[in-house]
$ cat upload_36.cif   # mmCIF, C-alpha atoms and all ligand atoms
data_work
loop_
_atom_site.label_atom_id
_atom_site.label_comp_id
_atom_site.auth_asym_id
_atom_site.auth_seq_id
_atom_site.Cartn_x
_atom_site.Cartn_y
_atom_site.Cartn_z
CA MET R 1 0.00 0.00 0.00
CA LEU R 2 2.77 2.41 0.99
CA LEU R 3 4.74 1.45 -2.11
CA PHE R 4 1.67 2.04 -4.27
CA LEU R 5 1.12 5.45 -2.64
CA ASN R 6 4.76 6.37 -3.17
CA CYS R 7 4.62 5.33 -6.83
CA PHE R 8 1.43 7.37 -7.24
CA ILE R 9 3.05 10.48 -5.71
CA ILE R 10 6.14 9.99 -7.90
CA PHE R 11 3.88 9.74 -10.96
CA CYS R 12 2.00 12.89 -9.88
CA MET R 13 5.28 14.75 -9.30
CA PHE R 14 6.40 13.79 -12.82
CA VAL R 15 3.12 15.04 -14.29
CA ILE R 16 3.26 18.30 -12.28
CA GLY R 17 6.94 18.74 -13.22
CA SER R 18 6.26 18.19 -16.91
CA LEU R 19 3.25 20.56 -16.78
CA PHE R 20 5.47 23.19 -15.22
CA GLY R 21 8.16 22.39 -17.80
CA SER R 22 5.61 23.01 -20.53
CA PHE R 23 4.57 26.29 -18.91
CA PHE R 24 8.20 27.34 -18.29
CA SER R 25 9.20 26.80 -21.91
CA LEU R 26 6.18 28.82 -22.97
CA ALA R 27 7.15 31.54 -20.49
CA THR R 28 10.79 31.61 -21.64
CA TYR R 29 9.57 31.97 -25.23
CA ARG R 30 6.95 34.62 -24.60
CA LEU R 31 8.38 36.76 -21.78
CA PRO R 32 11.30 38.18 -23.86
CA ARG R 33 8.74 38.91 -26.59
CA HIS R 34 6.53 40.77 -24.08
CA GLN R 35 3.65 38.43 -24.89
CA ASP R 36 0.94 37.39 -22.53
CA ILE R 37 1.72 34.04 -20.90
CA VAL R 38 -1.65 33.41 -19.31
CA ALA R 39 -4.62 34.46 -21.43
CA THR R 40 -3.29 33.53 -24.88
CA ARG R 41 -3.68 29.87 -25.80
CA SER R 42 -0.60 28.06 -27.04
CA TYR R 43 -0.09 28.22 -30.79
CA CYS R 44 2.27 26.78 -33.37
CA PRO R 45 5.08 29.31 -33.91
CA LYS R 46 5.12 28.45 -37.63
CA CYS R 47 1.47 28.33 -38.76
CA LYS R 48 0.07 30.18 -35.68
CA HIS R 49 -2.68 27.56 -35.43
CA ARG R 50 -4.20 27.41 -31.98
CA LEU R 51 -3.26 24.18 -30.20
CA GLU R 52 -6.03 21.87 -29.07
CA PHE R 53 -6.18 19.71 -25.95
CA LEU R 54 -4.39 16.73 -27.55
CA ASP R 55 -1.48 19.02 -28.54
CA LEU R 56 -1.09 20.37 -25.03
CA ILE R 57 -0.38 17.24 -22.96
CA PRO R 58 3.26 17.45 -21.90
CA VAL R 59 5.60 14.68 -23.13
CA ILE R 60 2.66 12.58 -24.48
CA SER R 61 1.60 15.08 -27.18
CA TYR R 62 5.09 15.15 -28.64
CA ILE R 63 5.08 11.35 -28.90
CA ILE R 64 1.56 10.91 -30.34
CA ARG R 65 2.04 13.76 -32.85
CA GLY R 66 5.40 12.28 -33.86
CA GLY R 67 7.27 15.49 -33.04
CA LYS R 68 5.39 17.42 -35.75
CA CYS R 69 2.77 20.16 -35.78
CA HIS R 70 -0.60 18.48 -36.36
CA TYR R 71 -1.76 21.35 -38.58
CA CYS R 72 1.18 22.35 -40.79
CA GLY R 73 3.46 19.32 -40.33
CA ASP R 74 6.35 21.54 -39.27
CA LYS R 75 8.88 19.85 -37.01
CA ILE R 76 8.47 20.76 -33.32
CA SER R 77 11.75 21.41 -31.57
CA LEU R 78 12.90 18.42 -29.51
CA ARG R 79 13.70 21.05 -26.88
CA TYR R 80 10.05 21.07 -25.73
CA PHE R 81 9.95 17.30 -25.26
CA LEU R 82 13.31 17.29 -23.44
CA LEU R 83 12.40 20.24 -21.21
CA GLU R 84 9.07 18.67 -20.23
CA SER R 85 10.54 15.24 -19.42
CA LEU R 86 13.54 16.79 -17.68
CA ASN R 87 11.32 18.97 -15.49
CA GLY R 88 9.22 15.94 -14.66
CA LEU R 89 12.38 14.14 -13.56
CA VAL R 90 13.66 17.16 -11.61
CA PHE R 91 10.39 17.31 -9.64
CA VAL R 92 10.58 13.56 -8.95
CA ILE R 93 14.18 14.01 -7.68
CA PHE R 94 13.02 16.91 -5.45
CA TYR R 95 10.33 14.64 -4.01
CA LEU R 96 12.77 11.75 -3.46
CA VAL R 97 15.31 14.05 -1.76
CA PHE R 98 13.00 16.29 0.30
CA GLY R 99 9.92 14.10 0.65
CA TYR R 100 6.43 15.49 0.86
CA THR R 101 7.48 18.62 2.73
CA ILE R 102 7.28 22.38 2.45
CA ASN R 103 11.03 22.35 1.62
CA CYS R 104 10.22 20.39 -1.52
CA LEU R 105 7.78 23.12 -2.56
CA ILE R 106 10.21 25.95 -1.79
CA ILE R 107 13.04 24.28 -3.72
CA SER R 108 10.68 23.63 -6.65
CA LEU R 109 9.60 27.27 -6.64
CA ILE R 110 13.18 28.60 -6.52
CA TYR R 111 14.04 26.22 -9.35
CA ALA R 112 11.03 27.42 -11.37
CA ILE R 113 11.93 31.10 -10.96
CA LEU R 114 15.59 30.48 -11.87
CA PHE R 115 14.51 28.38 -14.84
CA VAL R 116 12.27 31.12 -16.24
CA ILE R 117 14.90 33.86 -15.67
CA VAL R 118 17.79 31.89 -17.21
CA GLY R 119 15.56 30.49 -19.96
CA SER R 120 14.25 33.96 -20.84
CA ILE R 121 17.78 35.34 -21.10
CA ILE R 122 18.84 32.48 -23.39
CA MET R 123 15.70 32.80 -25.51
CA SER R 124 16.04 36.59 -25.82
CA LYS R 125 19.57 36.05 -27.19
CA LYS R 126 18.07 33.72 -29.81
CA MET R 127 15.57 36.26 -31.13
CA THR R 128 15.72 37.30 -34.78
CA PRO R 129 16.56 40.98 -35.56
CA ASP R 130 12.98 41.49 -36.74
CA GLU R 131 11.58 40.30 -33.45
CA LYS R 132 14.03 42.53 -31.56
CA LYS R 133 12.91 45.54 -33.59
CA GLU R 134 9.28 44.71 -32.89
CA ILE R 135 9.92 44.51 -29.15
CA LYS R 136 11.88 47.79 -29.20
CA SER R 137 8.93 49.62 -30.72
CA LEU R 138 6.60 47.90 -28.25
CA LYS R 139 8.79 49.07 -25.37
CA GLU R 140 8.70 52.65 -26.64
CA GLU R 141 4.95 52.45 -27.00
CA LEU R 142 4.65 51.23 -23.43
CA LYS R 143 6.89 54.07 -22.21
CA LEU R 144 4.64 56.60 -23.92
CA ASN R 145 1.61 55.09 -22.24
CA LYS R 146 3.50 55.18 -18.97
CA LYS R 147 2.77 51.50 -18.44
CA SER R 148 5.76 50.13 -16.65
CA GLY R 149 4.09 47.05 -15.16
CA VAL R 150 4.15 44.79 -18.20
CA PHE R 151 4.30 41.61 -16.19
CA VAL R 152 1.88 42.60 -13.44
CA SER R 153 -0.85 40.22 -14.60
CA GLU R 154 1.65 37.38 -14.89
CA ILE R 155 3.03 38.03 -11.42
CA ILE R 156 -0.48 38.14 -9.91
CA VAL R 157 -1.44 34.85 -11.56
CA ALA R 158 1.86 33.26 -10.49
CA MET R 159 1.26 34.45 -6.92
CA ILE R 160 -2.29 33.05 -6.87
CA MET R 161 -0.99 29.75 -8.26
CA PHE R 162 1.77 29.68 -5.66
CA THR R 163 -0.69 30.39 -2.82
CA ILE R 164 -3.03 27.58 -3.94
CA LEU R 165 -0.07 25.20 -4.24
CA MET R 166 1.32 26.28 -0.87
CA VAL R 167 -2.00 25.93 1.00
CA SER R 168 -2.87 22.57 -0.55
CA SER R 169 0.60 21.19 -0.04
CA VAL R 170 0.81 22.38 3.59
CA THR R 171 -2.59 20.79 4.29
CA ILE R 172 -1.58 17.51 2.67
CA SER R 173 1.84 17.39 4.32
CA LYS R 174 0.25 18.22 7.70
CA ASN R 175 -2.10 15.26 7.33
CA PHE R 176 0.83 13.10 6.28
CA SER R 177 2.96 14.13 9.25
CA ASN R 178 -0.04 13.85 11.60
CA THR R 179 -0.45 10.22 10.58
CA ALA R 180 3.29 9.71 11.04
CA VAL R 181 3.18 11.25 14.56
CA LYS R 182 0.14 9.14 15.49
CA ASN R 183 1.84 5.97 14.24
CA ARG R 184 5.00 6.77 16.21
CA LEU R 185 3.03 7.44 19.43
CA ASP R 186 1.06 4.23 18.88
CA SER R 187 4.21 2.19 18.56
CA GLN R 188 5.70 3.85 21.66
CA ALA R 189 2.50 3.08 23.60
CA TYR R 190 2.81 -0.52 22.47
CA THR R 191 6.43 -0.63 23.67
CA VAL R 192 5.39 0.72 27.10
CA LEU R 193 2.59 -1.85 27.19
CA LEU R 194 4.92 -4.77 26.44
CA LYS R 195 7.54 -3.52 28.89
CA ASN R 196 4.97 -3.59 31.73
CA VAL R 197 3.63 -6.98 30.74
CA GLU R 198 7.16 -8.39 30.70
CA THR R 199 7.85 -6.89 34.13
CA CYS R 200 4.72 -8.56 35.50
CA LEU R 201 5.65 -11.88 33.91
CA ALA R 202 9.17 -11.80 35.32
CA THR R 203 8.17 -10.85 38.86
CA SER R 204 7.14 -13.43 41.40
CA TYR R 205 3.51 -13.41 42.47
CA GLU R 206 4.07 -12.00 46.00
CA ASN R 207 5.77 -8.94 44.65
CA LEU R 208 3.06 -8.19 42.18
CA ALA R 209 0.45 -5.62 42.90
CA SER R 210 -1.78 -3.54 40.77
CA TYR R 211 -0.11 -0.25 40.10
CA ILE R 212 -0.48 3.03 38.28
CA SER R 213 2.55 4.71 36.81
CA GLN R 214 3.69 7.10 34.16
CA ASP R 215 6.27 6.70 31.45
CA LEU R 216 7.76 9.67 29.63
CA VAL R 217 8.95 8.84 26.11
CA GLU R 218 10.23 11.61 23.83
CA GLY R 219 8.17 14.26 25.58
CA THR R 220 4.91 12.32 25.61
CA THR R 221 3.49 11.05 28.88
CA PHE R 222 2.12 7.52 28.79
CA ASN R 223 -0.19 6.66 31.67
CA VAL R 224 0.16 3.05 32.67
CA SER R 225 -2.41 1.14 34.67
CA VAL R 226 -1.61 -2.47 35.60
CA LYS R 227 -3.95 -4.90 37.32
CA VAL R 228 -2.59 -8.28 38.30
CA SER R 229 -4.88 -11.00 39.57
CA ARG R 230 -4.76 -14.74 40.10
CA LEU R 231 -6.57 -17.04 37.73
CA SER R 232 -7.69 -19.50 40.34
CA ASP R 233 -8.20 -18.89 44.05
CA GLN R 234 -8.62 -22.59 44.74
CA ASP R 235 -5.11 -23.42 43.73
CA PHE R 236 -2.70 -22.16 46.34
CA SER R 237 0.37 -23.97 45.12
CA LYS R 238 2.66 -21.17 44.02
CA ASP R 239 4.12 -23.19 41.18
CA ASP R 240 0.77 -23.62 39.52
CA ILE R 241 -0.64 -20.17 39.99
CA VAL R 242 -1.43 -18.49 36.73
CA LYS R 243 -1.83 -14.74 36.77
CA ILE R 244 -3.92 -12.42 34.73
CA ILE R 245 -2.15 -9.28 33.73
CA ASP R 246 -4.28 -6.45 32.50
CA VAL R 247 -2.25 -3.50 31.23
CA LYS R 248 -3.74 -0.27 29.96
CA VAL R 249 -1.59 2.43 28.41
CA SER R 250 -3.06 5.79 27.44
CA TYR R 251 -1.71 9.01 26.03
CA LEU R 252 -3.08 12.36 24.97
CA TYR R 253 -3.20 13.08 21.26
CA ASN R 254 -4.98 16.14 19.81
CA GLN R 255 -6.87 16.53 23.12
CA ASN R 256 -8.16 12.96 22.81
CA VAL R 257 -7.20 10.15 25.13
CA ILE R 258 -5.87 7.25 23.07
CA GLU R 259 -5.92 3.97 24.93
CA LYS R 260 -4.04 0.76 24.24
CA ASN R 261 -5.04 -2.36 26.05
CA MET R 262 -3.55 -5.78 26.58
CA LYS R 263 -6.03 -7.87 28.53
CA THR R 264 -5.55 -11.15 30.40
CA VAL R 265 -2.05 -12.04 29.47
CA LYS R 266 -1.46 -15.29 31.35
CA GLY R 267 1.86 -16.40 32.64
CA LYS R 268 3.10 -19.01 35.07
CA VAL R 269 4.62 -17.72 38.27
CA LEU R 270 8.35 -18.18 38.29
ZN ZN R 301 1.96 24.46 -37.29
#
$ encode --input "upload_36.cif" --output "structure tokens" --more "lines below"
Ligand SMILES: [Zn+2]
Amino acid sequence: MLLFLNCFIIFCMFVIGSLFGSFFSLATYRLPRHQDIVATRSYCPKCKHRLEFLDLIPVISYIIRGGKCHYCGDKISLRYFLLESLNGLVFVIFYLVFGYTINCLIISLIYAILFVIVGSIIMSKKMTPDEKKEIKSLKEELKLNKKSGVFVSEIIVAMIMFTILMVSSVTISKNFSNTAVKNRLDSQAYTVLLKNVETCLATSYENLASYISQDLVEGTTFNVSVKVSRLSDQDFSKDDIVKIIDVKVSYLYNQNVIEKNMKTVKGKVL
């Protein structure tokens, strides 16, 4: 089950990574050209045909379309396929290294920002002189209109996306770590339980009495309640006396008392 869950998360991380990769390569292409990265649907750079759903699936689209534009047959740069798969892999590596934690998200975000910055610089160096001229006139136009915040809409959308990702991932990781904490406390309670049972088994009958005690393990208090009784009152031969050991261990978790019980453990008196 755990293996299945892990494989599922790894698969999801690859999909998320490749989706981001697809978005990053779009951003690195469009940002130096001062084009909108959010509202405008993806299009073929050659024939300008709007891309449909089947053309937009990262990694898969490239394979099913045979690396060609579905509309004009123009070859699609292998760069897109490589960037998408590579980003998928990078996200999987982040998950494997950092686990399902907030650190994983922060590292992914830093990586994404660096990727877009570096990618944009590289892509802007690759622009044709015509494109550069076009952008220069666009910049002048923007200056005249006193619109300095070209990327404001992009930044707002990115921030909203980041917030959603952050909140959902914190919630999920909290649930994950809560389960982990609960499992750890449960196993510690079980250890305390066994320890007390063993003590009762190893002690001779005369020295046994019901007792209440506390055990502090890693900052959590485990309340122990032990009741030892004889199985048979008719049999007074010490060698044959069988005792009933009833151990209860409880601890506080999220303001709830969690109780572990090991009833009627029988053992011969030593
Ligand atoms: Zn095309």
$ residues_around --input "upload_36.cif" --residues "stretch 29-33 of chain R" --least-positions-apart "4" --cutoff "7 Å" --atoms "only C-alpha atoms" --output "list in words"
Ser25, Ile37, Ser120, Met123, Ser124 and Ile135 of chain R
$ write_last_selection --input "upload_36.cif" --atoms "C-alpha atoms" --output "mmCIF file, in the coordinates of the input"
data_model
loop_
_atom_site.group_PDB
_atom_site.id
_atom_site.type_symbol
_atom_site.label_atom_id
_atom_site.label_comp_id
_atom_site.auth_asym_id
_atom_site.auth_seq_id
_atom_site.Cartn_x
_atom_site.Cartn_y
_atom_site.Cartn_z
ATOM 1 C CA SER R 25 9.200 26.800 -21.910
ATOM 2 C CA ILE R 37 1.720 34.040 -20.900
ATOM 3 C CA SER R 120 14.250 33.960 -20.840
ATOM 4 C CA MET R 123 15.700 32.800 -25.510
ATOM 5 C CA SER R 124 16.040 36.590 -25.820
ATOM 6 C CA ILE R 135 9.920 44.510 -29.150
#
$ closest_atom_pairs --input "upload_36.cif" --of "chain R" --to "ligand ZN 301 (chain R)" --cutoff "10 Å" --atoms "only C-alpha atoms and all ligand atoms" --output "tab-separated table"
residue	atom	partner	partner_atom	distance
R:Tyr43	CA	R:ZN301	ZN	7.8
R:Cys44	CA	R:ZN301	ZN	4.6
R:Pro45	CA	R:ZN301	ZN	6.7
R:Lys46	CA	R:ZN301	ZN	5.1
R:Cys47	CA	R:ZN301	ZN	4.2
R:Lys48	CA	R:ZN301	ZN	6.2
R:His49	CA	R:ZN301	ZN	5.9
R:Arg50	CA	R:ZN301	ZN	8.7
R:Leu51	CA	R:ZN301	ZN	8.8
R:Lys68	CA	R:ZN301	ZN	8.0
R:Cys69	CA	R:ZN301	ZN	4.6
R:His70	CA	R:ZN301	ZN	6.6
R:Tyr71	CA	R:ZN301	ZN	5.0
R:Cys72	CA	R:ZN301	ZN	4.2
R:Gly73	CA	R:ZN301	ZN	6.2
R:Asp74	CA	R:ZN301	ZN	5.6
R:Lys75	CA	R:ZN301	ZN	8.3
R:Ile76	CA	R:ZN301	ZN	8.5
$ closest_residue --input "upload_36.cif" --among "R:Ile121, R:Phe11, R:Tyr253, R:Ile244" --to "R:Leu201" --atoms "all atoms listed in the file"
R:Ile244
$ closest_residue --input "upload_36.cif" --among "R:Tyr111, R:Phe222, R:Phe91, R:Phe24" --to "R:Cys12" --atoms "all atoms listed in the file"
R:Phe91
$ atom_distance --input "upload_36.cif" --atom1 "atom CA of R:Gly219" --atom2 "atom CA of R:Val181"
12.5 Å
$ atom_distance --input "upload_36.cif" --atom1 "atom CA of R:Val249" --atom2 "atom CA of R:Ser177"
22.9 Å
$ closest_residue --input "upload_36.cif" --among "R:Ile164, R:Ile60, R:Ile10, R:Leu216" --to "R:Val90" --atoms "all atoms listed in the file"
R:Ile10
$ atom_distance --input "upload_36.cif" --atom1 "atom CA of R:Leu86" --atom2 "atom CA of R:Val116"
14.5 Å
$ closest_atom_pairs --input "upload_36.cif" --of "stretch 57-110 of chain R" --to "stretch 19-22 of chain R" --cutoff "12 Å" --atoms "all atoms listed in the file" --output "JSON lines"
{"residue": "R:Ile57", "atom": "CA", "partner": "R:Leu19", "partner_atom": "CA", "distance": 7.9}
{"residue": "R:Pro58", "atom": "CA", "partner": "R:Leu19", "partner_atom": "CA", "distance": 6.0}
{"residue": "R:Val59", "atom": "CA", "partner": "R:Ser22", "partner_atom": "CA", "distance": 8.7}
{"residue": "R:Ile60", "atom": "CA", "partner": "R:Leu19", "partner_atom": "CA", "distance": 11.1}
{"residue": "R:Ser61", "atom": "CA", "partner": "R:Ser22", "partner_atom": "CA", "distance": 11.1}
{"residue": "R:Tyr62", "atom": "CA", "partner": "R:Ser22", "partner_atom": "CA", "distance": 11.3}
{"residue": "R:Arg79", "atom": "CA", "partner": "R:Ser22", "partner_atom": "CA", "distance": 10.5}
{"residue": "R:Tyr80", "atom": "CA", "partner": "R:Ser22", "partner_atom": "CA", "distance": 7.1}
{"residue": "R:Phe81", "atom": "CA", "partner": "R:Ser22", "partner_atom": "CA", "distance": 8.6}
{"residue": "R:Leu82", "atom": "CA", "partner": "R:Gly21", "partner_atom": "CA", "distance": 9.2}
{"residue": "R:Leu83", "atom": "CA", "partner": "R:Gly21", "partner_atom": "CA", "distance": 5.9}
{"residue": "R:Glu84", "atom": "CA", "partner": "R:Gly21", "partner_atom": "CA", "distance": 4.5}
{"residue": "R:Ser85", "atom": "CA", "partner": "R:Gly21", "partner_atom": "CA", "distance": 7.7}
{"residue": "R:Leu86", "atom": "CA", "partner": "R:Gly21", "partner_atom": "CA", "distance": 7.8}
{"residue": "R:Asn87", "atom": "CA", "partner": "R:Gly21", "partner_atom": "CA", "distance": 5.2}
{"residue": "R:Gly88", "atom": "CA", "partner": "R:Gly21", "partner_atom": "CA", "distance": 7.3}
{"residue": "R:Leu89", "atom": "CA", "partner": "R:Gly21", "partner_atom": "CA", "distance": 10.2}
{"residue": "R:Val90", "atom": "CA", "partner": "R:Gly21", "partner_atom": "CA", "distance": 9.8}
{"residue": "R:Phe91", "atom": "CA", "partner": "R:Phe20", "partner_atom": "CA", "distance": 9.5}
{"residue": "R:Ser108", "atom": "CA", "partner": "R:Phe20", "partner_atom": "CA", "distance": 10.0}
{"residue": "R:Leu109", "atom": "CA", "partner": "R:Phe20", "partner_atom": "CA", "distance": 10.4}
$ write_last_selection --input "upload_36.cif" --atoms "C-alpha atoms" --output "PDB file, in the frame of the given file"
ATOM      1  CA  ILE R  57      -0.380  17.240 -22.960  1.00  0.00           C
ATOM      2  CA  PRO R  58       3.260  17.450 -21.900  1.00  0.00           C
ATOM      3  CA  VAL R  59       5.600  14.680 -23.130  1.00  0.00           C
ATOM      4  CA  ILE R  60       2.660  12.580 -24.480  1.00  0.00           C
ATOM      5  CA  SER R  61       1.600  15.080 -27.180  1.00  0.00           C
ATOM      6  CA  TYR R  62       5.090  15.150 -28.640  1.00  0.00           C
ATOM      7  CA  ARG R  79      13.700  21.050 -26.880  1.00  0.00           C
ATOM      8  CA  TYR R  80      10.050  21.070 -25.730  1.00  0.00           C
ATOM      9  CA  PHE R  81       9.950  17.300 -25.260  1.00  0.00           C
ATOM     10  CA  LEU R  82      13.310  17.290 -23.440  1.00  0.00           C
ATOM     11  CA  LEU R  83      12.400  20.240 -21.210  1.00  0.00           C
ATOM     12  CA  GLU R  84       9.070  18.670 -20.230  1.00  0.00           C
ATOM     13  CA  SER R  85      10.540  15.240 -19.420  1.00  0.00           C
ATOM     14  CA  LEU R  86      13.540  16.790 -17.680  1.00  0.00           C
ATOM     15  CA  ASN R  87      11.320  18.970 -15.490  1.00  0.00           C
ATOM     16  CA  GLY R  88       9.220  15.940 -14.660  1.00  0.00           C
ATOM     17  CA  LEU R  89      12.380  14.140 -13.560  1.00  0.00           C
ATOM     18  CA  VAL R  90      13.660  17.160 -11.610  1.00  0.00           C
ATOM     19  CA  PHE R  91      10.390  17.310  -9.640  1.00  0.00           C
ATOM     20  CA  SER R 108      10.680  23.630  -6.650  1.00  0.00           C
ATOM     21  CA  LEU R 109       9.600  27.270  -6.640  1.00  0.00           C
TER      22      LEU R 109
END
$ residues_around --input "upload_36.cif" --residues "R:Ile212" --least-positions-apart "2" --cutoff "12 Å" --atoms "only C-alpha atoms" --output "JSON, numbers by chain"
{"R": [196, 209, 210, 214, 215, 222, 223, 224, 225, 226, 227, 228, 246, 247, 248, 249, 250]}
$ closest_residue --input "upload_36.cif" --among "R:Leu114, R:Leu54, R:Ile93, R:Ser42" --to "R:Phe14" --atoms "only C-alpha atoms"
R:Ile93
